[in-house]
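Enquirer: Next up, final20.pdb (PDB, C-alpha atoms, pLDDT in the B column).
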MODEL        1
ATOM      1  CA  MET T   1      13.836 -65.519  30.210  1.00 96.00           C
ATOM      2  CA  ASN T   2      10.863 -66.481  28.071  1.00 98.00           C
ATOM      3  CA  ILE T   3       9.989 -64.225  25.138  1.00 98.00           C
ATOM      4  CA  LYS T   4       7.080 -64.017  22.722  1.00 98.00           C
ATOM      5  CA  PHE T   5       5.720 -61.633  20.120  1.00 98.00           C
ATOM      6  CA  LEU T   6       1.928 -61.768  20.356  1.00 98.00           C
ATOM      7  CA  GLU T   7       0.339 -61.718  16.908  1.00 97.00           C
ATOM      8  CA  GLN T   8      -3.047 -60.367  18.002  1.00 96.00           C
ATOM      9  CA  GLU T   9      -3.530 -56.652  18.531  1.00 97.00           C
ATOM     10  CA  ILE T  10      -4.135 -55.751  22.166  1.00 98.00           C
ATOM     11  CA  LYS T  11      -5.357 -52.402  23.430  1.00 98.00           C
ATOM     12  CA  TYR T  12      -3.092 -51.561  26.366  1.00 98.00           C
ATOM     13  CA  GLU T  13      -5.107 -49.894  29.125  1.00 97.00           C
ATOM     14  CA  GLY T  14      -2.822 -50.299  32.123  1.00 96.00           C
ATOM     15  CA  TRP T  15      -4.688 -53.075  33.928  1.00 96.00           C
ATOM     16  CA  GLN T  16      -2.582 -55.628  32.029  1.00 97.00           C
ATOM     17  CA  LEU T  17       0.358 -54.617  34.218  1.00 97.00           C
ATOM     18  CA  SER T  18      -0.654 -57.144  36.852  1.00 97.00           C
ATOM     19  CA  PRO T  19       0.779 -60.326  38.383  1.00 97.00           C
ATOM     20  CA  HIS T  20       0.605 -63.399  36.150  1.00 98.00           C
ATOM     21  CA  TRP T  21      -1.092 -61.563  33.254  1.00 98.00           C
ATOM     22  CA  ILE T  22       1.390 -63.210  30.873  1.00 98.00           C
ATOM     23  CA  TYR T  23       0.965 -66.659  32.430  1.00 98.00           C
ATOM     24  CA  LYS T  24      -2.840 -66.534  32.657  1.00 98.00           C
ATOM     25  CA  ASN T  25      -3.345 -65.273  29.123  1.00 98.00           C
ATOM     26  CA  PHE T  26      -0.505 -66.856  27.157  1.00 98.00           C
ATOM     27  CA  LYS T  27       0.581 -69.843  29.324  1.00 98.00           C
ATOM     28  CA  ILE T  28       4.130 -68.503  29.651  1.00 98.00           C
ATOM     29  CA  GLN T  29       5.289 -69.241  33.185  1.00 98.00           C
ATOM     30  CA  GLY T  30       8.234 -67.639  34.984  1.00 97.00           C
ATOM     31  CA  ASP T  31      10.347 -64.662  34.014  1.00 98.00           C
ATOM     32  CA  ALA T  32       9.011 -63.428  30.693  1.00 98.00           C
ATOM     33  CA  ILE T  33       8.688 -60.522  28.334  1.00 98.00           C
ATOM     34  CA  VAL T  34       6.046 -60.247  25.620  1.00 98.00           C
ATOM     35  CA  ALA T  35       5.494 -57.678  22.887  1.00 98.00           C
ATOM     36  CA  PHE T  36       2.339 -56.686  21.026  1.00 98.00           C
ATOM     37  CA  THR T  37       0.905 -53.839  19.014  1.00 98.00           C
ATOM     38  CA  GLY T  38      -2.314 -51.909  19.454  1.00 98.00           C
ATOM     39  CA  GLU T  39      -3.830 -48.718  20.736  1.00 97.00           C
ATOM     40  CA  CYS T  40      -2.655 -47.468  24.134  1.00 96.00           C
ATOM     41  CA  ASP T  41      -5.169 -45.628  26.306  1.00 95.00           C
ATOM     42  CA  VAL T  42      -4.276 -45.495  30.005  1.00 95.00           C
ATOM     43  CA  LYS T  43      -6.717 -43.448  32.068  1.00 92.00           C
ATOM     44  CA  LEU T  44      -5.603 -41.849  35.330  1.00 90.00           C
ATOM     45  CA  THR T  45      -7.520 -44.505  37.313  1.00 89.00           C
ATOM     46  CA  GLU T  46      -5.234 -47.224  35.880  1.00 91.00           C
ATOM     47  CA  MET T  47      -1.975 -45.280  36.190  1.00 89.00           C
ATOM     48  CA  VAL T  48       0.852 -46.777  38.215  1.00 92.00           C
ATOM     49  CA  ASP T  49       3.019 -43.650  37.967  1.00 90.00           C
ATOM     50  CA  ILE T  50       1.795 -41.379  40.783  1.00 91.00           C
ATOM     51  CA  GLU T  51       3.623 -38.391  39.263  1.00 89.00           C
ATOM     52  CA  ASP T  52       1.559 -38.735  36.067  1.00 88.00           C
ATOM     53  CA  VAL T  53      -1.626 -38.909  38.159  1.00 90.00           C
ATOM     54  CA  ILE T  54      -0.689 -35.786  40.147  1.00 91.00           C
ATOM     55  CA  ASN T  55       0.150 -33.958  36.905  1.00 89.00           C
ATOM     56  CA  ASN T  56      -3.083 -35.169  35.253  1.00 89.00           C
ATOM     57  CA  GLU T  57      -1.154 -36.806  32.380  1.00 85.00           C
ATOM     58  CA  PRO T  58      -2.997 -39.809  30.945  1.00 87.00           C
ATOM     59  CA  ILE T  59      -1.257 -41.818  28.230  1.00 92.00           C
ATOM     60  CA  TYR T  60      -2.591 -42.228  24.709  1.00 93.00           C
ATOM     61  CA  SER T  61      -1.212 -43.554  21.445  1.00 94.00           C
ATOM     62  CA  LYS T  62      -3.215 -44.462  18.371  1.00 94.00           C
ATOM     63  CA  SER T  63      -0.751 -47.291  17.741  1.00 97.00           C
ATOM     64  CA  MET T  64       1.968 -48.506  20.086  1.00 98.00           C
ATOM     65  CA  LEU T  65       4.450 -51.359  20.318  1.00 98.00           C
ATOM     66  CA  SER T  66       4.147 -52.499  23.936  1.00 98.00           C
ATOM     67  CA  PHE T  67       6.460 -54.689  25.966  1.00 98.00           C
ATOM     68  CA  ILE T  68       5.255 -56.202  29.232  1.00 98.00           C
ATOM     69  CA  SER T  69       7.665 -58.103  31.443  1.00 98.00           C
ATOM     70  CA  GLU T  70       7.145 -59.974  34.681  1.00 98.00           C
ATOM     71  CA  GLN T  71      10.217 -61.054  36.615  1.00 98.00           C
ATOM     72  CA  PHE T  72      10.331 -62.897  39.906  1.00 98.00           C
ATOM     73  CA  ASN T  73      12.678 -62.869  42.918  1.00 96.00           C
ATOM     74  CA  VAL T  74      13.925 -59.310  42.383  1.00 96.00           C
ATOM     75  CA  GLY T  75      13.235 -56.107  44.293  1.00 97.00           C
ATOM     76  CA  LEU T  76      11.847 -52.860  42.959  1.00 97.00           C
ATOM     77  CA  VAL T  77      15.201 -51.088  42.633  1.00 98.00           C
ATOM     78  CA  GLU T  78      16.575 -53.998  40.584  1.00 97.00           C
ATOM     79  CA  GLY T  79      13.331 -53.900  38.598  1.00 98.00           C
ATOM     80  CA  VAL T  80      13.949 -50.256  37.740  1.00 98.00           C
ATOM     81  CA  PHE T  81      17.510 -51.162  36.678  1.00 98.00           C
ATOM     82  CA  ARG T  82      16.041 -53.854  34.411  1.00 98.00           C
ATOM     83  CA  GLN T  83      13.526 -51.343  33.025  1.00 98.00           C
ATOM     84  CA  ARG T  84      16.370 -48.915  32.222  1.00 98.00           C
ATOM     85  CA  LEU T  85      18.291 -51.768  30.577  1.00 98.00           C
ATOM     86  CA  LEU T  86      15.295 -52.411  28.307  1.00 98.00           C
ATOM     87  CA  ILE T  87      15.199 -48.710  27.394  1.00 98.00           C
ATOM     88  CA  CYS T  88      18.931 -48.769  26.583  1.00 98.00           C
ATOM     89  CA  ILE T  89      18.491 -51.861  24.387  1.00 98.00           C
ATOM     90  CA  ILE T  90      15.705 -50.103  22.463  1.00 98.00           C
ATOM     91  CA  LYS T  91      17.931 -47.020  22.081  1.00 98.00           C
ATOM     92  CA  GLU T  92      20.790 -49.184  20.753  1.00 98.00           C
ATOM     93  CA  ALA T  93      18.493 -50.889  18.230  1.00 98.00           C
ATOM     94  CA  LEU T  94      17.309 -47.513  16.918  1.00 98.00           C
ATOM     95  CA  GLU T  95      20.816 -46.044  16.800  1.00 98.00           C
ATOM     96  CA  LYS T  96      22.008 -49.113  14.890  1.00 97.00           C
ATOM     97  CA  ARG T  97      19.442 -48.083  12.253  1.00 97.00           C
ATOM     98  CA  GLY T  98      21.022 -44.628  12.042  1.00 97.00           C
ATOM     99  CA  PHE T  99      18.692 -42.586  14.272  1.00 98.00           C
ATOM    100  CA  LYS T 100      19.935 -40.076  16.839  1.00 98.00           C
ATOM    101  CA  ILE T 101      17.972 -40.949  19.981  1.00 98.00           C
ATOM    102  CA  THR T 102      18.296 -39.215  23.332  1.00 98.00           C
ATOM    103  CA  ARG T 103      17.482 -40.779  26.686  1.00 98.00           C
ATOM    104  CA  ASN T 104      16.302 -39.026  29.812  1.00 97.00           C
ATOM    105  CA  GLY T 105      15.850 -41.600  32.574  1.00 96.00           C
ATOM    106  CA  ASP T 106      13.338 -44.119  31.270  1.00 96.00           C
ATOM    107  CA  ASP T 107      12.181 -41.960  28.322  1.00 96.00           C
ATOM    108  CA  LEU T 108      13.489 -41.935  24.743  1.00 98.00           C
ATOM    109  CA  PHE T 109      13.193 -38.965  22.402  1.00 98.00           C
ATOM    110  CA  PHE T 110      13.646 -38.456  18.671  1.00 98.00           C
ATOM    111  CA  GLU T 111      14.140 -34.847  17.573  1.00 96.00           C
ATOM    112  CA  ASP T 112      12.993 -33.660  21.031  1.00 96.00           C
ATOM    113  CA  LYS T 113       9.690 -35.519  20.679  1.00 97.00           C
ATOM    114  CA  LYS T 114       8.753 -38.306  23.078  1.00 96.00           C
ATOM    115  CA  LEU T 115       9.033 -41.778  21.567  1.00 97.00           C
ATOM    116  CA  THR T 116       8.380 -44.003  24.600  1.00 97.00           C
ATOM    117  CA  VAL T 117       6.507 -44.453  27.844  1.00 96.00           C
ATOM    118  CA  SER T 118       7.770 -46.777  30.555  1.00 97.00           C
ATOM    119  CA  ILE T 119       7.105 -47.793  34.142  1.00 97.00           C
ATOM    120  CA  ALA T 120       8.357 -50.434  36.549  1.00 98.00           C
ATOM    121  CA  THR T 121       6.440 -51.463  39.647  1.00 98.00           C
ATOM    122  CA  LYS T 122       6.334 -54.246  42.200  1.00 97.00           C
ATOM    123  CA  SER T 123       3.561 -56.737  42.842  1.00 96.00           C
ATOM    124  CA  VAL T 124       3.412 -59.015  45.868  1.00 95.00           C
ATOM    125  CA  ASN T 125       5.638 -61.586  44.151  1.00 95.00           C
ATOM    126  CA  SER T 126       7.251 -59.986  41.089  1.00 98.00           C
ATOM    127  CA  ILE T 127       8.318 -56.828  39.356  1.00 98.00           C
ATOM    128  CA  LEU T 128       6.313 -55.670  36.379  1.00 98.00           C
ATOM    129  CA  ILE T 129       7.540 -53.495  33.525  1.00 98.00           C
ATOM    130  CA  HIS T 130       5.612 -51.833  30.720  1.00 98.00           C
ATOM    131  CA  THR T 131       7.447 -50.021  27.975  1.00 98.00           C
ATOM    132  CA  GLY T 132       5.615 -48.652  24.979  1.00 98.00           C
ATOM    133  CA  ILE T 133       7.044 -47.203  21.782  1.00 98.00           C
ATOM    134  CA  ASN T 134       4.764 -45.057  19.656  1.00 97.00           C
ATOM    135  CA  ILE T 135       4.231 -46.479  16.194  1.00 98.00           C
ATOM    136  CA  ASP T 136       1.974 -43.629  15.083  1.00 95.00           C
ATOM    137  CA  SER T 137       2.349 -40.341  16.968  1.00 90.00           C
ATOM    138  CA  GLU T 138      -0.931 -38.809  15.745  1.00 90.00           C
ATOM    139  CA  GLY T 139      -3.255 -37.838  18.606  1.00 87.00           C
ATOM    140  CA  ALA T 140      -0.685 -38.192  21.392  1.00 88.00           C
ATOM    141  CA  PRO T 141      -1.261 -35.739  24.288  1.00 86.00           C
ATOM    142  CA  VAL T 142       2.387 -34.582  24.151  1.00 90.00           C
ATOM    143  CA  LYS T 143       4.863 -33.757  21.370  1.00 93.00           C
ATOM    144  CA  ALA T 144       5.572 -37.292  20.194  1.00 94.00           C
ATOM    145  CA  SER T 145       7.390 -39.252  17.520  1.00 96.00           C
ATOM    146  CA  GLY T 146       6.614 -42.724  16.213  1.00 97.00           C
ATOM    147  CA  LEU T 147       8.453 -45.716  14.782  1.00 98.00           C
ATOM    148  CA  THR T 148       6.521 -45.615  11.504  1.00 96.00           C
ATOM    149  CA  SER T 149       5.202 -42.053  11.372  1.00 92.00           C
ATOM    150  CA  GLU T 150       8.561 -40.288  11.952  1.00 96.00           C
ATOM    151  CA  LEU T 151      11.275 -42.966  11.765  1.00 97.00           C
ATOM    152  CA  GLY T 152       9.889 -44.963   8.832  1.00 97.00           C
ATOM    153  CA  ILE T 153      10.270 -48.348  10.554  1.00 97.00           C
ATOM    154  CA  THR T 154       7.538 -50.559   9.131  1.00 96.00           C
ATOM    155  CA  ASP T 155       8.621 -54.091  10.097  1.00 97.00           C
ATOM    156  CA  ILE T 156       7.433 -53.736  13.677  1.00 98.00           C
ATOM    157  CA  LYS T 157       7.390 -57.493  14.369  1.00 98.00           C
ATOM    158  CA  ASN T 158      11.036 -57.890  13.348  1.00 98.00           C
ATOM    159  CA  PHE T 159      12.027 -54.839  15.412  1.00 98.00           C
ATOM    160  CA  ALA T 160      10.100 -56.175  18.438  1.00 98.00           C
ATOM    161  CA  ASN T 161      11.689 -59.621  18.158  1.00 98.00           C
ATOM    162  CA  GLU T 162      15.144 -58.028  18.077  1.00 98.00           C
ATOM    163  CA  ILE T 163      14.371 -56.162  21.309  1.00 98.00           C
ATOM    164  CA  LEU T 164      12.864 -59.258  22.956  1.00 98.00           C
ATOM    165  CA  THR T 165      15.877 -61.410  22.050  1.00 98.00           C
ATOM    166  CA  ASN T 166      18.495 -58.844  23.066  1.00 98.00           C
ATOM    167  CA  TYR T 167      16.797 -58.114  26.395  1.00 98.00           C
ATOM    168  CA  SER T 168      16.356 -61.783  27.255  1.00 98.00           C
ATOM    169  CA  GLN T 169      19.966 -62.598  26.360  1.00 98.00           C
ATOM    170  CA  GLU T 170      21.263 -59.646  28.393  1.00 98.00           C
ATOM    171  CA  ILE T 171      19.278 -60.616  31.521  1.00 98.00           C
ATOM    172  CA  ASP T 172      20.290 -64.282  31.164  1.00 97.00           C
ATOM    173  CA  ASP T 173      23.939 -63.274  30.673  1.00 97.00           C
ATOM    174  CA  ILE T 174      23.882 -61.022  33.752  1.00 96.00           C
ATOM    175  CA  ILE T 175      22.521 -63.869  35.878  1.00 95.00           C
ATOM    176  CA  LEU T 176      25.094 -66.304  34.443  1.00 96.00           C
ATOM    177  CA  ALA T 177      27.921 -63.803  35.039  1.00 96.00           C
ATOM    178  CA  SER T 178      26.951 -63.643  38.705  1.00 94.00           C
ATOM    179  CA  THR T 179      27.615 -67.385  39.019  1.00 95.00           C
ATOM    180  CA  LYS T 180      31.207 -67.400  37.757  1.00 95.00           C
ATOM    181  CA  VAL T 181      32.905 -65.324  40.418  1.00 94.00           C
ATOM    182  CA  ARG T 182      34.193 -66.348  43.800  1.00 92.00           C
ATOM    183  CA  GLY T 183      33.312 -64.385  46.881  1.00 90.00           C
ATOM    184  CA  VAL T 184      35.971 -62.288  48.612  1.00 94.00           C
TER     185      VAL T 184
ENDMDL
END
Taking this structure as input, can you express it in the form of structure tokens?
Expert:
Amino acid sequence: MNIKFLEQEIKYEGWQLSPHWIYKNFKIQGDAIVAFTGECDVKLTEMVDIEDVINNEPIYSKSMLSFISEQFNVGLVEGVFRQRLLICIIKEALEKRGFKITRNGDDLFFEDKKLTVSIATKSVNSILIHTGINIDSEGAPVKASGLTSELGITDIKNFANEILTNYSQEIDDIILASTKVRGV
């Protein structure tokens, strides 16, 4: 899987969760995951999560570390598994730094305050995943925590690259593991 930390700040508004966004904008073809920082402001009209739309819950973060992944030749259920794997890798990275993080489905919490947002969906030819981790929790529409504001993590690029590398290696290893067994 291809990985890249994007140096430029990007305001995530939801429309970026679309087929070939990574390829068209960053010339990274095939299965990929990218990370970037910037404001997150997803209006209900751009929401993929129907439950959030029904509950009138737009997403906002003054500063967020976002991961977008596009993966081909997998179905939506496998895409959700891969989304949950990404969440677990983020949880492990934070726990390795000494933080007590709780997970509920595809959400992570620190001290009962929401740290992440995440969604997986299917396009006509791929699955798409967005996972965002608050950097600064100020102004969030829910009780939230942030990497810098509450956890004191300031080297966001290094943290993001750790997540990108671990996720890519895990997916690649899973695919490789599937090739070493004989059918029964």
Enquirer: Take every atom of stretch 148-162 of chain T listed in the file, fit an axis-aligned box around them, add 4 Å per side, and give the centre and edge lengths in Å to one decimal as JSON.
Expert:
{"center_x": 10.2, "center_y": -50.0, "center_z": 13.6, "size_x": 17.9, "size_y": 27.3, "size_z": 17.6}
Enquirer: As a check of understanding, name the residues that the PyMOL selection byres ((chain T and resi 124-137) around 6) selects in the supplied structure, as a list in words.
Expert: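 Applied to this file, the PyMOL selection byres ((chain T and resi 124-137) around 6) selects Ser63, Met64, Leu65, Ser66, Phe67, Ile68, Ser69, Glu70, Gln71, Phe72, Gly79, Leu115, Thr116, Val117, Ser118, Ile119, Ala120, Thr121, Lys122, Ser123, Glu138, Ala140, Ala144, Ser145, Gly146, Leu147, Thr148 and Ser149 of chain T.
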Enquirer: Determine, counting only C-alpha atoms, which protein, DNA and RNA residues have an atom within 12 Å of an atom of T:Phe159; residues of the same chain fewer than 3 positions away are not included. Present the result as a VMD selection string.
Expert: chain T and resid 5 35 to 37 65 to 67 89 to 94 96 to 97 133 135 147 to 148 153 to 156 162 to 166
Enquirer: Store the residues picked out above, limited to C-alpha atoms, as a compact mmCIF listing (two decimals), keeping the file's coordinate frame.
Expert:
# COMPACT_ATOMS: atom_id res chain seq x y z
CA PHE T 5 5.72 -61.63 20.12
CA ALA T 35 5.49 -57.68 22.89
CA PHE T 36 2.34 -56.69 21.03
CA THR T 37 0.90 -53.84 19.01
CA LEU T 65 4.45 -51.36 20.32
CA SER T 66 4.15 -52.50 23.94
CA PHE T 67 6.46 -54.69 25.97
CA ILE T 89 18.49 -51.86 24.39
CA ILE T 90 15.70 -50.10 22.46
CA LYS T 91 17.93 -47.02 22.08
CA GLU T 92 20.79 -49.18 20.75
CA ALA T 93 18.49 -50.89 18.23
CA LEU T 94 17.31 -47.51 16.92
CA LYS T 96 22.01 -49.11 14.89
CA ARG T 97 19.44 -48.08 12.25
CA ILE T 133 7.04 -47.20 21.78
CA ILE T 135 4.23 -46.48 16.19
CA LEU T 147 8.45 -45.72 14.78
CA THR T 148 6.52 -45.62 11.50
CA ILE T 153 10.27 -48.35 10.55
CA THR T 154 7.54 -50.56 9.13
CA ASP T 155 8.62 -54.09 10.10
CA ILE T 156 7.43 -53.74 13.68
CA GLU T 162 15.14 -58.03 18.08
CA ILE T 163 14.37 -56.16 21.31
CA LEU T 164 12.86 -59.26 22.96
CA THR T 165 15.88 -61.41 22.05
CA ASN T 166 18.50 -58.84 23.07
Enquirer: When the PyMOL selection byres ((chain T and resi 13) around 8) is applied to the file above, which residues end up in the set, as a PDB file with C-alpha atoms, in the coordinates of the input?
Expert:
ATOM      1  CA  LYS T  11      -5.357 -52.402  23.430  1.00 98.00           C
ATOM      2  CA  TYR T  12      -3.092 -51.561  26.366  1.00 98.00           C
ATOM      3  CA  GLY T  14      -2.822 -50.299  32.123  1.00 96.00           C
ATOM      4  CA  TRP T  15      -4.688 -53.075  33.928  1.00 96.00           C
ATOM      5  CA  GLN T  16      -2.582 -55.628  32.029  1.00 97.00           C
ATOM      6  CA  CYS T  40      -2.655 -47.468  24.134  1.00 96.00           C
ATOM      7  CA  ASP T  41      -5.169 -45.628  26.306  1.00 95.00           C
ATOM      8  CA  VAL T  42      -4.276 -45.495  30.005  1.00 95.00           C
ATOM      9  CA  LYS T  43      -6.717 -43.448  32.068  1.00 92.00           C
ATOM     10  CA  GLU T  46      -5.234 -47.224  35.880  1.00 91.00           C
TER      11      GLU T  46
END
Enquirer: Which is closer to T:Glu170 than all the others in T:Glu7, T:Glu95, T:Cys88, T:Lys113, using only C-alpha atoms?
Expert: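 Closest residue, counting only C-alpha atoms: T:Cys88.
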Enquirer: With all atoms listed in the file as the counted atoms, please give the residues lying no more than 8 Å from T:Glu57, apart from itself and same-chain residues fewer than 4 positions off, as a list in words.
Expert: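 Counting only the stated atoms, we get Leu44, Asp52 and Val53 of chain T.
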Enquirer: Could the residues in this selection be saved with C-alpha atoms as a PDB file, in the coordinates of the input?
Expert:
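Below is the file that was written, selection12.pdb:
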ATOM      1  CA  LEU T  44      -5.603 -41.849  35.330  1.00 90.00           C
ATOM      2  CA  ASP T  52       1.559 -38.735  36.067  1.00 88.00           C
ATOM      3  CA  VAL T  53      -1.626 -38.909  38.159  1.00 90.00           C
TER       4      VAL T  53
END
Enquirer: Smallest atom-to-atom distance to T:Lys114: which of T:Lys4, T:Arg84, T:Lys180, T:Lys143, using only C-alpha atoms?
Expert: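 So, comparing all the options, the nearest one is T:Lys143.
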Enquirer: What is the distance, in Å and to one decimal place, between atom CA of T:Pro141 and atom CA of T:Lys62?
Expert: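 Atom-to-atom, atom CA of T:Pro141 to atom CA of T:Lys62, that is 10.7 Å.
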Enquirer: Ranking T:Leu108, T:Leu176, T:Leu17, T:Ile22 by minimum distance to T:Val48 and counting only C-alpha atoms, which one comes first?
Expert: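 Looking at the shortest contact to T:Val48, the residue is T:Leu17.
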Enquirer: So the first atom is atom CA of T:Ser61 and the second is atom CA of T:Glu39; what is the distance between them in Å, to one decimal place?
Expert: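 So the answer is 5.8 Å.
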Enquirer: Go through T:Asn2, T:Phe109, T:Leu86, T:Ser18 and flag the residue nearest T:Val142, using only C-alpha atoms for the distances.
Expert: T:Phe109
Enquirer: Quick one, how far is atom CA of T:Glu9 from atom CA of T:Leu151?
Expert: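 Separating atom CA of T:Glu9 from atom CA of T:Leu151 is a distance of 21.3 Å.
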